[in-house]
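For reference, the structure discussed in these notes is given below.
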Amino acid sequence: MSSQAAAPAATTVAPHNEVSPRARQVTLFLLTATYFFSYMDRQILAILLEDIKADLLLTDTQLGLLSGFAFAIFYATLGIPVAALADRMNRVNIISIALALWSAMTAACGLANNFIQLLAARIGVGIGEAGSSPPSHSIIADLYPAEKRALALSIYSLGVTLGAAAGQIFGGNLTYFFDWRTAFIAIGLPGVALAIIVKIFATEPMRRAEPGAVESDETPSVWEGFRTIFANRAAVWLVAGVTLTSMIGYALTGWTPAYLIRSFGLNTLQVGNIVAPLLAIAGVASGLGSGWLANRLSERYGMQAQPLMVAALKTIALPFLILFYVVESAWLAVGIYFIAVLFQSCYLGPTFAMIQTLAPLKMRAVWAAVTLLIINLIGLGIGPTMVGVLSDIFAESYGDQSLRQALLVIASFTPVAIFCYWRASVALRRMAAEKAAAEAGSA
């Protein structure tokens with residue numbers, strides 16, 4: 001295996017078989033903490049929407065743009081060149097710089113006095129966050145073998161659930177006792193300190209091939225990454241499934257606090273201190289449980305069992321998700337949503353583990369970036385933005401319940417995502433059968 005160029009002394013560089021268990025755990029923890037800050041800084045906006053709307057006199061469409069497309073267009077597109085750099089350069093350095101940038105821009109959101117200024121700051125957050133996930137996925141793939149990768153990436157993906165919950169907890173309390181500007185500043189600045197810690201203590205592993213893989217001396221182009229991922233049938237269905245699931249998830253996560261405040265009369269303190277912790281518990285249980293189960297199913301039945309597991313769990317979650325937008329009692333709705341989140345938050349770790357396992361060695365970061373590009377342009381870009389647009393459209397007919405109707409429309413896309421995961425399982429099963437037949441023919 002070819003060795004990676006020497007990294008600066010501040011960052012440890014070691015091949016997979018020389019990374020100690022402690023260094024591996026510390027690195028995974030720091031990457032998860034970085035992802036946590038990414039989602040906390042991104043999702044704090046969700047619980048501040050109603051206060052920002054009242055203060056800056058914005059429409060739901062403008063709020064949707066702040067939550068979705070304006071952020072996503074830069075976050076997603078810049079992920080591709082960042083991934084190309086991550087396949088060539090020191091990934092820990094990239095992550096540290098990105099973390100410092102988006103944290104500073106989150107704090108800058110608190111200084112905005114109008115929509116344009118807040119939009120510019122949110123774009124800055126998106127630019128910074130583009131440098132986090134692709135190199136993190138690549139590092140984790142090099143730290144853990146395929147049979148342990150789903151659980152490792154599920155642990156990493158806890159940053160989504162915990163970060164979103166923390167954004168609502170801290171944002172809800174800071175907004176209630178101070179104001180939304182203080183919330184942005186107080187949440188953003190600690191990330192700069194974390195960036196320094198990541199730079200000093202995270203381990204940069206050498207690129208590690210799967211058993212039997214042949215490593216080329218040439219680094220493939222980004223466009224080659226696009227070509228290869230779309231030439232793989234299973235990867236195409238996985239990307240489609242995770243994109244639709246993310247569109248629904250981003251829309252619901254981005255607007256649920258506003259929905260609870262607007263439709264049920266809860267305040268930011270109730271959402272932050274009661275609802276957010278409950279949903280965090282459900283998300284953590286779902287993330288860890290699905291990662292563990294995906295590893296066990298993969299060992300026993302092959303990788304094709306993992307997308308089938310995701311499809312089954314999301315099918316269980318669907319009726320609870322629909323009920324959440326139908327019932328009239330606030331706390332009954334929260335209890336129903338807890339059950340929905342418990343089953344529907346099962347997809348990130350297993351999906352990205354499967355994509356990393358299917359990816360060629362030197363395209364891992366690029367495959368992650370291509371996946372994230374599609375997820376974020378469609379999922380993050382369209383999901384929250386569509387909710388805002390639909391809410392404004394429905395306002396004439398449904399009044400202050402227009403947001404409820406808009407979220408119900410988005411949730412109805414879930415069966416399509418379930419179908420995509422089922423098709424991914426079929427494609428993986430066929431790939432396994434073709435590989436077995438080829439091996440039997442050459443024996």
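In the structure tokens, the first chain shown is A, the next is B, and so on; residue numbers restart at 1 for each chain, and ligands run from 1 in the order shown.
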
**OP:** Might you pull out every residue within 8 Å of region 173-188 of chain A, with only C-alpha atoms counted and same-chain residues fewer than 6 positions away left off, and present them as a PyMOL selection string?
**Re:** chain A and resi 40-41+44+48+51-52+102-111+167+268-269+272-273

Using N, CA and C atoms, can you export the residues from the last selection as a PDB file, in the first residue's frame?
ATOM      1  N   MET A  40     -25.465  21.263  15.598  1.00  0.00           N
ATOM      2  CA  MET A  40     -25.934  22.233  16.585  1.00  0.00           C
ATOM      3  C   MET A  40     -25.954  23.624  15.966  1.00  0.00           C
ATOM      4  N   ASP A  41     -24.875  23.991  15.274  1.00  0.00           N
ATOM      5  CA  ASP A  41     -24.804  25.306  14.643  1.00  0.00           C
ATOM      6  C   ASP A  41     -25.810  25.433  13.504  1.00  0.00           C
ATOM      7  N   ILE A  44     -29.748  25.098  15.230  1.00  0.00           N
ATOM      8  CA  ILE A  44     -30.216  26.067  16.227  1.00  0.00           C
ATOM      9  C   ILE A  44     -31.231  27.016  15.595  1.00  0.00           C
ATOM     10  N   LEU A  48     -35.253  29.064  16.654  1.00  0.00           N
ATOM     11  CA  LEU A  48     -35.238  30.525  16.656  1.00  0.00           C
ATOM     12  C   LEU A  48     -36.133  31.129  15.582  1.00  0.00           C
ATOM     13  N   ASP A  51     -38.961  33.619  16.624  1.00  0.00           N
ATOM     14  CA  ASP A  51     -38.440  34.882  17.157  1.00  0.00           C
ATOM     15  C   ASP A  51     -37.810  35.731  16.064  1.00  0.00           C
ATOM     16  N   ILE A  52     -37.068  35.080  15.160  1.00  0.00           N
ATOM     17  CA  ILE A  52     -36.455  35.808  14.043  1.00  0.00           C
ATOM     18  C   ILE A  52     -37.534  36.373  13.126  1.00  0.00           C
ATOM     19  N   TRP A 102     -16.969  27.693  10.231  1.00  0.00           N
ATOM     20  CA  TRP A 102     -18.428  27.720  10.385  1.00  0.00           C
ATOM     21  C   TRP A 102     -18.850  28.148  11.788  1.00  0.00           C
ATOM     22  N   SER A 103     -18.005  27.887  12.785  1.00  0.00           N
ATOM     23  CA  SER A 103     -18.330  28.328  14.147  1.00  0.00           C
ATOM     24  C   SER A 103     -18.334  29.856  14.234  1.00  0.00           C
ATOM     25  N   ALA A 104     -17.337  30.482  13.605  1.00  0.00           N
ATOM     26  CA  ALA A 104     -17.270  31.945  13.605  1.00  0.00           C
ATOM     27  C   ALA A 104     -18.465  32.545  12.863  1.00  0.00           C
ATOM     28  N   MET A 105     -18.864  31.911  11.768  1.00  0.00           N
ATOM     29  CA  MET A 105     -19.995  32.426  10.990  1.00  0.00           C
ATOM     30  C   MET A 105     -21.326  32.218  11.721  1.00  0.00           C
ATOM     31  N   THR A 106     -21.428  31.158  12.519  1.00  0.00           N
ATOM     32  CA  THR A 106     -22.626  30.974  13.343  1.00  0.00           C
ATOM     33  C   THR A 106     -22.767  32.130  14.332  1.00  0.00           C
ATOM     34  N   ALA A 107     -21.660  32.488  14.959  1.00  0.00           N
ATOM     35  CA  ALA A 107     -21.689  33.628  15.880  1.00  0.00           C
ATOM     36  C   ALA A 107     -22.070  34.906  15.139  1.00  0.00           C
ATOM     37  N   ALA A 108     -21.612  35.031  13.893  1.00  0.00           N
ATOM     38  CA  ALA A 108     -21.916  36.231  13.102  1.00  0.00           C
ATOM     39  C   ALA A 108     -23.404  36.354  12.795  1.00  0.00           C
ATOM     40  N   CYS A 109     -24.131  35.219  12.775  1.00  0.00           N
ATOM     41  CA  CYS A 109     -25.585  35.274  12.554  1.00  0.00           C
ATOM     42  C   CYS A 109     -26.263  36.150  13.601  1.00  0.00           C
ATOM     43  N   GLY A 110     -25.706  36.154  14.810  1.00  0.00           N
ATOM     44  CA  GLY A 110     -26.303  36.942  15.879  1.00  0.00           C
ATOM     45  C   GLY A 110     -26.135  38.439  15.708  1.00  0.00           C
ATOM     46  N   LEU A 111     -25.315  38.838  14.739  1.00  0.00           N
ATOM     47  CA  LEU A 111     -25.087  40.265  14.499  1.00  0.00           C
ATOM     48  C   LEU A 111     -25.945  40.808  13.363  1.00  0.00           C
ATOM     49  N   GLY A 167     -28.862  22.090  19.866  1.00  0.00           N
ATOM     50  CA  GLY A 167     -29.208  23.382  19.301  1.00  0.00           C
ATOM     51  C   GLY A 167     -30.547  23.870  19.818  1.00  0.00           C
ATOM     52  N   THR A 268     -40.377  28.359  23.633  1.00  0.00           N
ATOM     53  CA  THR A 268     -39.046  27.825  23.321  1.00  0.00           C
ATOM     54  C   THR A 268     -38.455  27.057  24.497  1.00  0.00           C
ATOM     55  N   LEU A 269     -38.807  27.443  25.721  1.00  0.00           N
ATOM     56  CA  LEU A 269     -38.292  26.742  26.896  1.00  0.00           C
ATOM     57  C   LEU A 269     -38.865  25.331  26.969  1.00  0.00           C
ATOM     58  N   GLY A 272     -37.284  23.323  24.113  1.00  0.00           N
ATOM     59  CA  GLY A 272     -35.865  23.066  24.360  1.00  0.00           C
ATOM     60  C   GLY A 272     -35.598  22.108  25.496  1.00  0.00           C
ATOM     61  N   ASN A 273     -36.364  22.211  26.584  1.00  0.00           N
ATOM     62  CA  ASN A 273     -36.063  21.429  27.789  1.00  0.00           C
ATOM     63  C   ASN A 273     -36.850  20.134  27.917  1.00  0.00           C
TER      64      ASN A 273
END

Considering only C-alpha atoms, give me a table of residues in region 109-179 of chain A that are at most 12 Å from region 358-374 of chain A, with the closest atom pair and distance in Å for each, as CSV.
residue,atom,partner,partner_atom,distance
A:Glu129,CA,A:Leu372,CA,11.6
A:Ala130,CA,A:Ala369,CA,9.0
A:Gly131,CA,A:Ala369,CA,9.8
A:Ser132,CA,A:Ala369,CA,10.1
A:Ser133,CA,A:Ala368,CA,7.8
A:Pro134,CA,A:Ala365,CA,4.9
A:Pro135,CA,A:Ala365,CA,5.8
A:Ser136,CA,A:Ala365,CA,8.2
A:His137,CA,A:Ala365,CA,6.6
A:Ser138,CA,A:Ala365,CA,5.1
A:Ile139,CA,A:Ala365,CA,8.6
A:Ile140,CA,A:Arg364,CA,10.3
A:Ala141,CA,A:Arg364,CA,7.9
A:Asp142,CA,A:Leu361,CA,9.4
A:Ala146,CA,A:Leu358,CA,9.9

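Considering only C-alpha atoms, the residue among A:Met354, A:Ile316, A:Ile123, A:Ala46 positioned nearest to Phe170 (chain A) is A:Ala46.
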
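Distances to Arg429 (chain A) were evaluated for A:Gly388, A:Leu99, A:Gln344, A:Ser298 using only C-alpha atoms, and the minimum falls at A:Ser298.
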
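Candidate residues A:Leu260, A:Ser154, A:Leu238, A:Ala251 were compared for distance to Leu332 (chain A), and the nearest is A:Leu260, using only C-alpha atoms.
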
Original post:
Gly124 (chain A): which residues within 8 Å, counting only C-alpha atoms, same-chain residues fewer than 3 positions away excluded, as a list in words?
Top reply: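 Skipping anything fewer than 3 positions along the chain leaves Leu101, Trp102, Met105, Ala120, Ala121, Ile127 and Gly128 of chain A.
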
Subject >> Distance query region 245-247 of chain A at most 12 Å, only C-alpha atoms, self and fewer than 5 positions along chain excluded, as a VMD selection string >> reply: chain A and resid 68 to 69 72 160 238 to 240 252 to 254 310 to 311 314 318 344 to 348 351 371 to 387 407 409 to 421

Would you mind exporting the chosen residues as a compact mmCIF listing (two decimals), in the first residue's frame, restricted to N, CA and C atoms?
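Output file again.txt is given in full below:
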# COMPACT_ATOMS: atom_id res chain seq x y z
N GLY A 68 -32.92 26.13 4.32
CA GLY A 68 -32.69 25.16 3.26
C GLY A 68 -31.76 25.60 2.16
N PHE A 69 -32.34 26.09 1.06
CA PHE A 69 -31.58 26.23 -0.18
C PHE A 69 -30.37 27.14 -0.07
N ALA A 72 -27.80 25.20 1.68
CA ALA A 72 -27.44 23.94 1.04
C ALA A 72 -26.63 24.12 -0.23
N VAL A 160 -25.72 14.08 14.46
CA VAL A 160 -26.93 14.67 13.88
C VAL A 160 -28.00 14.83 14.95
N LEU A 238 -29.19 3.41 -3.05
CA LEU A 238 -28.87 3.91 -1.70
C LEU A 238 -28.89 5.43 -1.67
N VAL A 239 -28.28 6.06 -2.68
CA VAL A 239 -28.25 7.51 -2.74
C VAL A 239 -29.67 8.07 -2.87
N ALA A 240 -30.50 7.42 -3.70
CA ALA A 240 -31.89 7.86 -3.85
C ALA A 240 -32.64 7.74 -2.53
N LEU A 252 -38.59 18.20 8.48
CA LEU A 252 -39.27 18.03 9.77
C LEU A 252 -38.43 18.59 10.92
N THR A 253 -37.12 18.29 10.90
CA THR A 253 -36.24 18.78 11.96
C THR A 253 -36.18 20.30 11.96
N GLY A 254 -36.12 20.87 10.75
CA GLY A 254 -35.99 22.32 10.64
C GLY A 254 -37.23 23.09 11.04
N VAL A 310 -33.35 -1.00 7.05
CA VAL A 310 -33.75 0.40 7.04
C VAL A 310 -35.18 0.53 6.53
N ALA A 311 -35.50 -0.16 5.44
CA ALA A 311 -36.85 -0.10 4.87
C ALA A 311 -37.90 -0.59 5.87
N LYS A 314 -38.34 1.99 8.77
CA LYS A 314 -39.03 3.20 8.32
C LYS A 314 -40.51 2.92 8.05
N LEU A 318 -43.69 5.06 9.77
CA LEU A 318 -44.56 5.88 8.91
C LEU A 318 -45.91 6.25 9.54
N GLN A 344 -37.42 5.89 12.70
CA GLN A 344 -37.04 6.48 11.42
C GLN A 344 -35.61 6.98 11.37
N SER A 345 -34.95 7.14 12.52
CA SER A 345 -33.58 7.66 12.55
C SER A 345 -32.55 6.55 12.44
N CYS A 346 -32.85 5.55 11.65
CA CYS A 346 -32.04 4.33 11.58
C CYS A 346 -31.14 4.28 10.36
N TYR A 347 -31.14 5.30 9.53
CA TYR A 347 -30.62 5.12 8.18
C TYR A 347 -29.21 5.64 7.94
N LEU A 348 -28.77 6.68 8.65
CA LEU A 348 -27.53 7.35 8.30
C LEU A 348 -26.30 6.46 8.39
N THR A 351 -26.33 3.45 5.91
CA THR A 351 -26.26 3.89 4.52
C THR A 351 -24.86 4.34 4.16
N THR A 371 -22.45 11.78 -2.63
CA THR A 371 -23.68 11.45 -1.91
C THR A 371 -24.21 12.65 -1.15
N LEU A 372 -23.32 13.34 -0.45
CA LEU A 372 -23.73 14.51 0.32
C LEU A 372 -24.18 15.66 -0.57
N LEU A 373 -23.56 15.78 -1.76
CA LEU A 373 -23.98 16.81 -2.70
C LEU A 373 -25.45 16.62 -3.08
N ILE A 374 -25.80 15.38 -3.45
CA ILE A 374 -27.17 15.08 -3.86
C ILE A 374 -28.12 15.21 -2.67
N ILE A 375 -27.71 14.66 -1.52
CA ILE A 375 -28.53 14.74 -0.31
C ILE A 375 -28.84 16.19 0.04
N ASN A 376 -27.82 17.03 -0.02
CA ASN A 376 -27.99 18.38 0.48
C ASN A 376 -28.64 19.32 -0.53
N LEU A 377 -28.36 19.13 -1.82
CA LEU A 377 -29.03 19.97 -2.81
C LEU A 377 -30.53 19.66 -2.85
N ILE A 378 -30.86 18.37 -2.81
CA ILE A 378 -32.27 17.97 -2.87
C ILE A 378 -32.88 17.92 -1.47
N GLY A 379 -32.21 17.21 -0.56
CA GLY A 379 -32.77 17.02 0.77
C GLY A 379 -32.79 18.31 1.58
N LEU A 380 -31.61 18.85 1.85
CA LEU A 380 -31.51 20.06 2.66
C LEU A 380 -31.97 21.29 1.88
N GLY A 381 -31.67 21.32 0.57
CA GLY A 381 -32.03 22.49 -0.22
C GLY A 381 -33.52 22.60 -0.45
N ILE A 382 -34.16 21.49 -0.83
CA ILE A 382 -35.57 21.53 -1.19
C ILE A 382 -36.48 21.33 0.01
N GLY A 383 -36.12 20.41 0.93
CA GLY A 383 -37.02 20.06 2.03
C GLY A 383 -37.51 21.24 2.86
N PRO A 384 -36.62 21.92 3.62
CA PRO A 384 -37.09 23.04 4.44
C PRO A 384 -37.66 24.20 3.62
N THR A 385 -37.07 24.44 2.43
CA THR A 385 -37.56 25.53 1.59
C THR A 385 -38.98 25.25 1.11
N MET A 386 -39.24 23.99 0.72
CA MET A 386 -40.57 23.63 0.25
C MET A 386 -41.61 23.79 1.35
N VAL A 387 -41.23 23.46 2.58
CA VAL A 387 -42.16 23.64 3.70
C VAL A 387 -42.56 25.10 3.84
N LEU A 407 -46.05 20.36 6.43
CA LEU A 407 -45.23 19.26 6.94
C LEU A 407 -45.84 17.90 6.62
N VAL A 409 -47.54 17.16 3.95
CA VAL A 409 -47.22 16.90 2.54
C VAL A 409 -45.82 16.31 2.41
N ILE A 410 -44.86 16.89 3.10
CA ILE A 410 -43.47 16.40 3.02
C ILE A 410 -43.36 15.00 3.59
N ALA A 411 -44.02 14.73 4.70
CA ALA A 411 -43.96 13.39 5.32
C ALA A 411 -44.51 12.31 4.41
N SER A 412 -45.42 12.67 3.50
CA SER A 412 -46.06 11.69 2.62
C SER A 412 -45.10 11.12 1.57
N PHE A 413 -43.87 11.66 1.46
CA PHE A 413 -42.89 11.12 0.53
C PHE A 413 -42.17 9.89 1.09
N THR A 414 -42.40 9.56 2.35
CA THR A 414 -41.69 8.46 3.00
C THR A 414 -41.80 7.12 2.27
N PRO A 415 -42.98 6.69 1.77
CA PRO A 415 -43.06 5.40 1.07
C PRO A 415 -42.12 5.29 -0.13
N VAL A 416 -41.84 6.41 -0.79
CA VAL A 416 -40.92 6.36 -1.93
C VAL A 416 -39.50 6.05 -1.45
N ALA A 417 -39.11 6.62 -0.33
CA ALA A 417 -37.79 6.34 0.25
C ALA A 417 -37.69 4.88 0.66
N ILE A 418 -38.75 4.34 1.23
CA ILE A 418 -38.77 2.92 1.62
C ILE A 418 -38.56 2.03 0.41
N PHE A 419 -39.23 2.37 -0.69
CA PHE A 419 -39.07 1.60 -1.93
C PHE A 419 -37.63 1.61 -2.41
N CYS A 420 -36.96 2.76 -2.33
CA CYS A 420 -35.56 2.87 -2.78
C CYS A 420 -34.64 1.97 -1.97
N TYR A 421 -34.84 1.91 -0.67
CA TYR A 421 -34.00 1.04 0.16
C TYR A 421 -34.26 -0.44 -0.16

Original post:
Which neighbours of Ala166 (chain A) fall inside 9 Å, counting only C-alpha atoms, when residues of the same chain fewer than 3 positions from it are skipped, and could you give them as an NGL selection string?
Top reply: :A and (36-37 or 39-40 or 43-44 or 161-163 or 169-171 or 272 or 276-277 or 280)

Please write the residues from the selection above to a file, keeping N, CA, C and O atoms, as a PDB file, in the first residue's frame.
ATOM      1  N   PHE A  36     -21.329  16.920  15.792  1.00  0.00           N
ATOM      2  CA  PHE A  36     -22.268  17.463  16.776  1.00  0.00           C
ATOM      3  C   PHE A  36     -22.346  18.982  16.660  1.00  0.00           C
ATOM      4  O   PHE A  36     -23.430  19.564  16.594  1.00  0.00           O
ATOM      5  N   PHE A  37     -21.187  19.638  16.631  1.00  0.00           N
ATOM      6  CA  PHE A  37     -21.166  21.092  16.518  1.00  0.00           C
ATOM      7  C   PHE A  37     -21.719  21.544  15.170  1.00  0.00           C
ATOM      8  O   PHE A  37     -22.372  22.581  15.080  1.00  0.00           O
ATOM      9  N   TYR A  39     -24.131  20.140  13.434  1.00  0.00           N
ATOM     10  CA  TYR A  39     -25.594  20.117  13.469  1.00  0.00           C
ATOM     11  C   TYR A  39     -26.167  21.064  14.498  1.00  0.00           C
ATOM     12  O   TYR A  39     -27.249  21.622  14.314  1.00  0.00           O
ATOM     13  N   MET A  40     -25.465  21.263  15.598  1.00  0.00           N
ATOM     14  CA  MET A  40     -25.934  22.233  16.585  1.00  0.00           C
ATOM     15  C   MET A  40     -25.954  23.624  15.966  1.00  0.00           C
ATOM     16  O   MET A  40     -26.940  24.367  16.099  1.00  0.00           O
ATOM     17  N   GLN A  43     -28.785  23.572  13.153  1.00  0.00           N
ATOM     18  CA  GLN A  43     -30.176  23.382  13.542  1.00  0.00           C
ATOM     19  C   GLN A  43     -30.653  24.312  14.651  1.00  0.00           C
ATOM     20  O   GLN A  43     -31.840  24.313  14.979  1.00  0.00           O
ATOM     21  N   ILE A  44     -29.748  25.098  15.230  1.00  0.00           N
ATOM     22  CA  ILE A  44     -30.216  26.067  16.227  1.00  0.00           C
ATOM     23  C   ILE A  44     -31.231  27.016  15.595  1.00  0.00           C
ATOM     24  O   ILE A  44     -32.139  27.518  16.259  1.00  0.00           O
ATOM     25  N   THR A 161     -28.323  13.734  15.620  1.00  0.00           N
ATOM     26  CA  THR A 161     -29.394  13.755  16.621  1.00  0.00           C
ATOM     27  C   THR A 161     -29.028  14.610  17.826  1.00  0.00           C
ATOM     28  O   THR A 161     -29.812  15.465  18.266  1.00  0.00           O
ATOM     29  N   LEU A 162     -27.838  14.380  18.375  1.00  0.00           N
ATOM     30  CA  LEU A 162     -27.433  15.108  19.576  1.00  0.00           C
ATOM     31  C   LEU A 162     -27.189  16.583  19.281  1.00  0.00           C
ATOM     32  O   LEU A 162     -27.529  17.454  20.097  1.00  0.00           O
ATOM     33  N   GLY A 163     -26.607  16.872  18.123  1.00  0.00           N
ATOM     34  CA  GLY A 163     -26.360  18.259  17.755  1.00  0.00           C
ATOM     35  C   GLY A 163     -27.647  19.033  17.543  1.00  0.00           C
ATOM     36  O   GLY A 163     -27.788  20.176  18.000  1.00  0.00           O
ATOM     37  N   ILE A 169     -32.043  22.758  22.703  1.00  0.00           N
ATOM     38  CA  ILE A 169     -31.972  22.947  24.157  1.00  0.00           C
ATOM     39  C   ILE A 169     -31.322  24.286  24.495  1.00  0.00           C
ATOM     40  O   ILE A 169     -31.888  25.122  25.210  1.00  0.00           O
ATOM     41  N   PHE A 170     -30.108  24.493  23.978  1.00  0.00           N
ATOM     42  CA  PHE A 170     -29.403  25.741  24.278  1.00  0.00           C
ATOM     43  C   PHE A 170     -30.089  26.932  23.629  1.00  0.00           C
ATOM     44  O   PHE A 170     -30.231  27.997  24.236  1.00  0.00           O
ATOM     45  N   GLY A 171     -30.522  26.744  22.378  1.00  0.00           N
ATOM     46  CA  GLY A 171     -31.203  27.829  21.687  1.00  0.00           C
ATOM     47  C   GLY A 171     -32.495  28.216  22.369  1.00  0.00           C
ATOM     48  O   GLY A 171     -32.814  29.407  22.505  1.00  0.00           O
ATOM     49  N   GLY A 272     -37.284  23.323  24.113  1.00  0.00           N
ATOM     50  CA  GLY A 272     -35.865  23.066  24.360  1.00  0.00           C
ATOM     51  C   GLY A 272     -35.598  22.108  25.496  1.00  0.00           C
ATOM     52  O   GLY A 272     -34.717  21.251  25.401  1.00  0.00           O
ATOM     53  N   ALA A 276     -36.927  18.444  23.017  1.00  0.00           N
ATOM     54  CA  ALA A 276     -35.621  18.145  22.425  1.00  0.00           C
ATOM     55  C   ALA A 276     -34.905  16.983  23.125  1.00  0.00           C
ATOM     56  O   ALA A 276     -34.373  16.089  22.449  1.00  0.00           O
ATOM     57  N   PRO A 277     -34.837  16.932  24.473  1.00  0.00           N
ATOM     58  CA  PRO A 277     -34.189  15.781  25.111  1.00  0.00           C
ATOM     59  C   PRO A 277     -34.880  14.453  24.802  1.00  0.00           C
ATOM     60  O   PRO A 277     -34.214  13.424  24.626  1.00  0.00           O
ATOM     61  N   ALA A 280     -33.866  13.453  21.411  1.00  0.00           N
ATOM     62  CA  ALA A 280     -32.458  13.046  21.411  1.00  0.00           C
ATOM     63  C   ALA A 280     -32.303  11.610  21.894  1.00  0.00           C
ATOM     64  O   ALA A 280     -31.529  10.828  21.329  1.00  0.00           O
TER      65      ALA A 280
END

**OP:** Mind listing the alpha helix (DSSP H) residues of region 132-272 of chain A, per DSSP on the backbone, as a PyMOL selection string?
**Re:** chain A and resi 133-143+146-177+180-188+190-201+222-230+233-264+268-270

Original post:
Hey, what's within 10 Å of Asp400 (chain A) if we count only C-alpha atoms and toss same-chain stuff fewer than 4 positions away? As a ChimeraX atom specification, please?
Top reply: /A:259,262-263,391,394-396,404

Limited to N, CA and C atoms, could you put the picked residues into a file as a CSV table (one decimal), in the first residue's frame?
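Ended up saving to part_8.csv:
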chain,number,residue,atom,x,y,z
A,259,TYR,N,-43.5,24.4,14.4
A,259,TYR,CA,-44.8,23.8,14.4
A,259,TYR,C,-45.4,23.6,15.8
A,262,ARG,N,-46.2,27.2,17.0
A,262,ARG,CA,-47.3,27.8,16.3
A,262,ARG,C,-48.6,27.1,16.4
A,263,SER,N,-48.6,25.8,16.3
A,263,SER,CA,-49.9,25.0,16.3
A,263,SER,C,-50.4,24.6,17.7
A,391,SER,N,-46.3,26.5,3.2
A,391,SER,CA,-47.0,27.1,4.4
A,391,SER,C,-47.5,28.4,4.0
A,394,PHE,N,-50.6,27.7,1.7
A,394,PHE,CA,-51.7,27.1,2.5
A,394,PHE,C,-52.3,28.1,3.5
A,395,ALA,N,-51.6,29.2,3.7
A,395,ALA,CA,-52.0,30.2,4.8
A,395,ALA,C,-53.4,30.7,4.5
A,396,GLU,N,-53.8,30.9,3.2
A,396,GLU,CA,-55.1,31.5,2.9
A,396,GLU,C,-56.2,30.5,3.3
A,404,ARG,N,-48.7,23.0,9.6
A,404,ARG,CA,-49.1,21.6,9.8
A,404,ARG,C,-49.3,20.9,8.5
